[in-house]
Structure formats: structure tokens, C-alpha cells
Amino acid sequence: LATRVELLDQLNRDLNTVLNQSITLQLAERQLQVTADRLRTTLDEQMFWIPSNRPLDFAWLQAVPAALGKQFSAIPWESASNELWAGLQARPFLFLPVLLLSIALFSRRRWLREKLESLHADIGYVRRDSQLHTPLAILLNLLLALPVSLLLALGGIALQMDARGQNASLGATLMQIAQAWLVFHTAYRILLPGGVGERHFQWPPERLHALHRYVRKLGIVVVAVIAVVAIAERQPESLGSDVLGIVILLVGYATMAWLLGRGLLHRKGDARLSPLRLLTSLALGLMPLALIGALAMGYYYTALKLTGRLVDTLYVLILWRIAEGVLVRALAVAAHRLDYKRAVARREAAEREGRQGADGEQPIETPILDLARINQQSLRLLHLTLLSALVVVLYWVWADLLTVVSYLDNITLYEYASG
């Protein structure tokens with residue numbers, strides 16, 4: 001019995017020792033994580049303001065063909081493709097539900113288009129039209145664009161879970177491409193002739209035709225740009241030799257500046273273009289040119305960080321414009337219904353007046369609402385609310401770069417000592 005008691009005491013002491021060591025290890029791991037986060041933040045702040053590459057001078061341009069050939073030959077195409085295929089094969093059951101959903105959406109595309117056309121046909125008819133027609137039409141357009149995004153996103157998730165070789169970077173790239181495809185392809189379908197933009201939002205057909213072409217081209221450029229950004233941000237050690245990424249970004253920035261500038265020139269005669277929208281459009285058009293300047297001076301890492309925020313800003317503006325169209329149309333439908341009810345009430349009152357006049361009775365006067373005034377007040381309140389929401393969301397998009405800007409507080413420009 002004494003031996004058992006001694007063994008139990010020894011076991012209890014050992015358990016207490018292991019427990020104390022585990023607690024110490026947890027605290028040390030937490031402190032290590034805090035230190036690593038602090039170091040990562042410091043590195044991000046400093047790398048943002050320090051050139052990561054040499055300037056793109058004439059010597060760099062002369063070395064581009066040889067550098068591109070060297071970079072292409074250094075890419076392990078066979079091993080990367082084998083790792084990619086192995087990562088996708090490792091989780092076949094993860095693909096099955098989404099693959100079946102994508103196939104179902106592809107097979108039902110004709111039905112989705114017919115349902116969309118029936119919704120478009122109801123627009124303008126008070127008895128058949130409703131405020132839900134526009135959200136349903138946008139949802140159908142989203143479902144038409146969803147299968148490709150689902151497959152890309154699922155491939156990205158599988159590669160990120162596998163994480164062998166370059167699969168983690170490729171997975172993150174596929175995830176961002178899936179997001180870009182969903183946003184831009186949905187916007188592309190909304191801007192189709194006879195689509196939601198023309199039938200529901202009552203946007204001018206000539207402007208829709210131009211925007212339709214711009215959005216398609218801009219979507220292709222954004223996909224190429226975010227693919228470079230997603231890979232390069234996860235390989236900061238190879239930024240100095242990444243000539244291919246710099247060339248793709250230079251071409252992408254130039255194309256984005258041209259497309260956004262053409263879009264701004266096309267909208268300059270729009271009477272509804274407020275000074276804030278004009279300023280936002282001008283900033284979007286000039287930012288790619290600023291990024292070209294940053295790349296030319298060697299700030300490759302800085303350009304990558306800002307490019308991600310620029311693409312997110314484009315997403316926000318597209319979604320904000322769609323939300324504005326949906327809410328404005330909801331007010332218009334409500335106004336049409338109110339106008340229709342007033343017309344019916346006037347007709348019934350006229351019929352009652354005819355009968356009452358025959359009986360020698362006076363009709364009852366009813367107050368008439370100023371519908372135009374109500375619409376203007378509602379539109380002002382709606383635009384103010386949407387503008388406030390846009391400012392908040394844009395601040396959230398760019399907020400993580402505020403810590404980078406705060407790093408400038410640690411730099412002393414000059415000192416002055418008074419005698």
C-alpha cells in the first residue's frame with residue numbers, strides 16, 4: 001500500500017510538472033506570436049517606403065529579354081504541375097458537391113435566361129412589376145456567372161489546404177481570380193443590351209454599350225494583375241529578380257489607366273455626375289499612372305500593396321453602383337404604385353361623384369400628396385446614406401495601410417535647437 005501511495009504521489013508530481021511546462025510553453029508561444037506579428041508589421045512598414053528593386057532605367061530595359069528567358073527557364077514547370085495535380089487529387093470528395101452544383105448551374109443556363117427575360121418583360125407594368133424583380137434579376141445574373149467562380153475557388157481552397165511546393169501561392173491566386181471573375185462577369189451581364197442596366201435601372205443605351213466593352217476589358221486586365229500580385233506578395237524574397245511580374249504590371253497599369261480614363265471622358269457630359277464622383281473617377285484614373293511611376297523608381301513591393309487596394313476599391317464601387325440602382329428603382333416602383341393607386345382612387349371618386357351629383361350630395365375632398373417632392377426628398381436621403389456607406393467601406397479597405405503611413409512619424413526631417 002505504501003508503494004502505491006508513493007507511486008501516486010510521484011505521478012501527481014510528474015503531472016504537475018508537465019502541466020506547468022505546458023503552461024510555460026503556451027505563454028512562450030503566445031509571446032513568440034506577438035513578437036512575430038510585431039516584426040511583420042515593422043517589416044511591412046519599412047519595406048513599403050524602401051525600394052525593393054533597382055530603378056527601371058535603360059540598362060534594365062536592355063536586360064529584359066535575357067532576364068525573361070532566364071526566369072522562364074528557372075520555373076519548375078513539371079514539378080509544379082505534378083504538385084498541382086497531386087494537390088487536387090488529394091481531396092476528391094471536396095470537389096464532388098461543388099462540381100455537381102456547377103454542372104447543375106451549367107445545365108440550367110437556358111432556364112435561368114428564360115426566367116431573366118420574364119422578369120425583364122414585367123418591368124413598367126404596375127400590376128406585374130415589383131421591387132423584388134431587380135434583386136431577383138441580379139441574382140439570376142450572379143448564378144449565370146457562378147459556376148466558373150465556384151470551380152476556381154474550390155481549386156484554390158484545395159491547393160491552400162495541400163500547401164506543397166507552390167500550391168499555397170497558386171491557391172491564393174485562384175481564390176482572387178474567382179472573386180474577380182464573379183464581380184466583373186456579373187457586372188458584364190448587368191450591362192448587356194436589354195439587361196438589368198437598361199430595363200431596370202433605365203441607364204442610357206449608348207453609355208451602357210461603352211461601359212459593357214470597358215468592363216469586359218477591365219476584367220481581363222484585373223485578372224492578370226491580381227494573379228501577379230497574389231504570387232509576388234507571398235514570395236518577397238524573389239521580388240528583385242521578378243522581371244515577368246513587373247512587365248505584366250506595367251502593361252496592366254497602362255491598360256487600366258486608359259480604360260478608366262476613357263470611362264471618365266465618356267461620363268463627363270453626364271448631368272448626374274456629382275463632384276465627388278468626378279473626383280473619385282479622376283483618382284481611379286490617375287492611380288495606375290502613379291503605380292507605373294512607383295515601379296519605374298523600384299518600389300515594386302509598394303506597388304503590390306497599393307494594387308490590392310485599388311482592385312478592392314473597384315469591387316466596392318461596382319457593388320455600390322449596383323446597390324444604388326436597385327434602391328433608386330425601388331423608390332421608383334413605390335412611386336408608380338402610389339401614382340397608380342391615386343389614379344384608381346380619382347376614378348372611383350369621379351364615379352361616386354357622378355352618382356352623388358345625381359342624388360344632390362357633395363363629394364368628399366381628399367388631400368393630394370406632392371409625389372415629386374416626396375421622390376426628391378427620398379432620393380436625397382438615399383444618396384446621402386449610400387455616400388456615407390461608401391466612405392465607411394472605402395476607409396475599411398484602406399485602413400490597414402494607415403499603420404504604414406504612421407511609420408513616417410518615426411522619421412525626423414530636421415532638428416532645431418534654440419540658444
# chains A, B, ... in the order shown; residues from 1 in each chain; ligands from 1
>>> select_by_dssp(residues="region 161-295 of chain A", states="alpha helix (DSSP H)", output="PyMOL selection string")
chain A and resi 161-162+167-190+196-199+205-233+243-267+275-295
>>> residues_around(residues="Asp312 (chain A)", least_positions_apart="2", cutoff="12 Å", atoms="only C-alpha atoms", output="list in words")
Gln176, Gln179, Ala180, Val183, Val222, Ile226, Leu284, Lys305, Leu306, Thr307, Gly308, Arg309, Leu310, Leu314, Tyr315, Val316, Leu317, Ile318, Leu319, Val393, Leu394, Tyr395, Trp396, Val397 and Trp398 of chain A
>>> closest_residue(among="A:Gln376, A:Ser118, A:Thr302, A:Ser130", to="Trp49 (chain A)", atoms="only C-alpha atoms")
A:Thr302
>>> residues_around(residues="Arg329 (chain A)", least_positions_apart="2", cutoff="8 Å", atoms="only C-alpha atoms", output="MDAnalysis selection string")
chainID A and resid 131 200:201 325:327 331:333
>>> write_last_selection(atoms="N, CA and C atoms", output="short mmCIF file (atom, residue, chain, number, x, y, z; two decimals), in the first residue's frame")
data_model
loop_
_atom_site.label_atom_id
_atom_site.label_comp_id
_atom_site.auth_asym_id
_atom_site.auth_seq_id
_atom_site.Cartn_x
_atom_site.Cartn_y
_atom_site.Cartn_z
N GLN A 131 -40.82 45.44 -56.51
CA GLN A 131 -39.48 45.84 -56.07
C GLN A 131 -38.53 44.65 -56.00
N HIS A 200 -34.08 47.80 -66.07
CA HIS A 200 -34.43 48.08 -64.67
C HIS A 200 -33.94 49.45 -64.22
N PHE A 201 -32.66 49.74 -64.49
CA PHE A 201 -32.06 50.98 -64.00
C PHE A 201 -32.30 52.17 -64.93
N GLY A 325 -28.49 51.57 -57.96
CA GLY A 325 -29.52 51.34 -58.96
C GLY A 325 -30.71 50.57 -58.42
N VAL A 326 -30.44 49.55 -57.58
CA VAL A 326 -31.53 48.76 -57.00
C VAL A 326 -32.42 49.61 -56.11
N LEU A 327 -31.81 50.44 -55.24
CA LEU A 327 -32.59 51.24 -54.30
C LEU A 327 -33.34 52.36 -55.00
N LEU A 331 -37.52 52.90 -55.11
CA LEU A 331 -38.28 54.13 -54.88
C LEU A 331 -39.18 54.44 -56.08
N ALA A 332 -38.67 54.21 -57.29
CA ALA A 332 -39.48 54.48 -58.47
C ALA A 332 -40.70 53.57 -58.54
N VAL A 333 -40.52 52.29 -58.22
CA VAL A 333 -41.65 51.36 -58.22
C VAL A 333 -42.68 51.77 -57.17
#
>>> atom_distance(atom1="CA of Pro205 (chain A)", atom2="CA of Leu191 (chain A)")
9.3 Å
>>> atom_distance(atom1="CA of Leu151 (chain A)", atom2="CA of Arg109 (chain A)")
16.4 Å
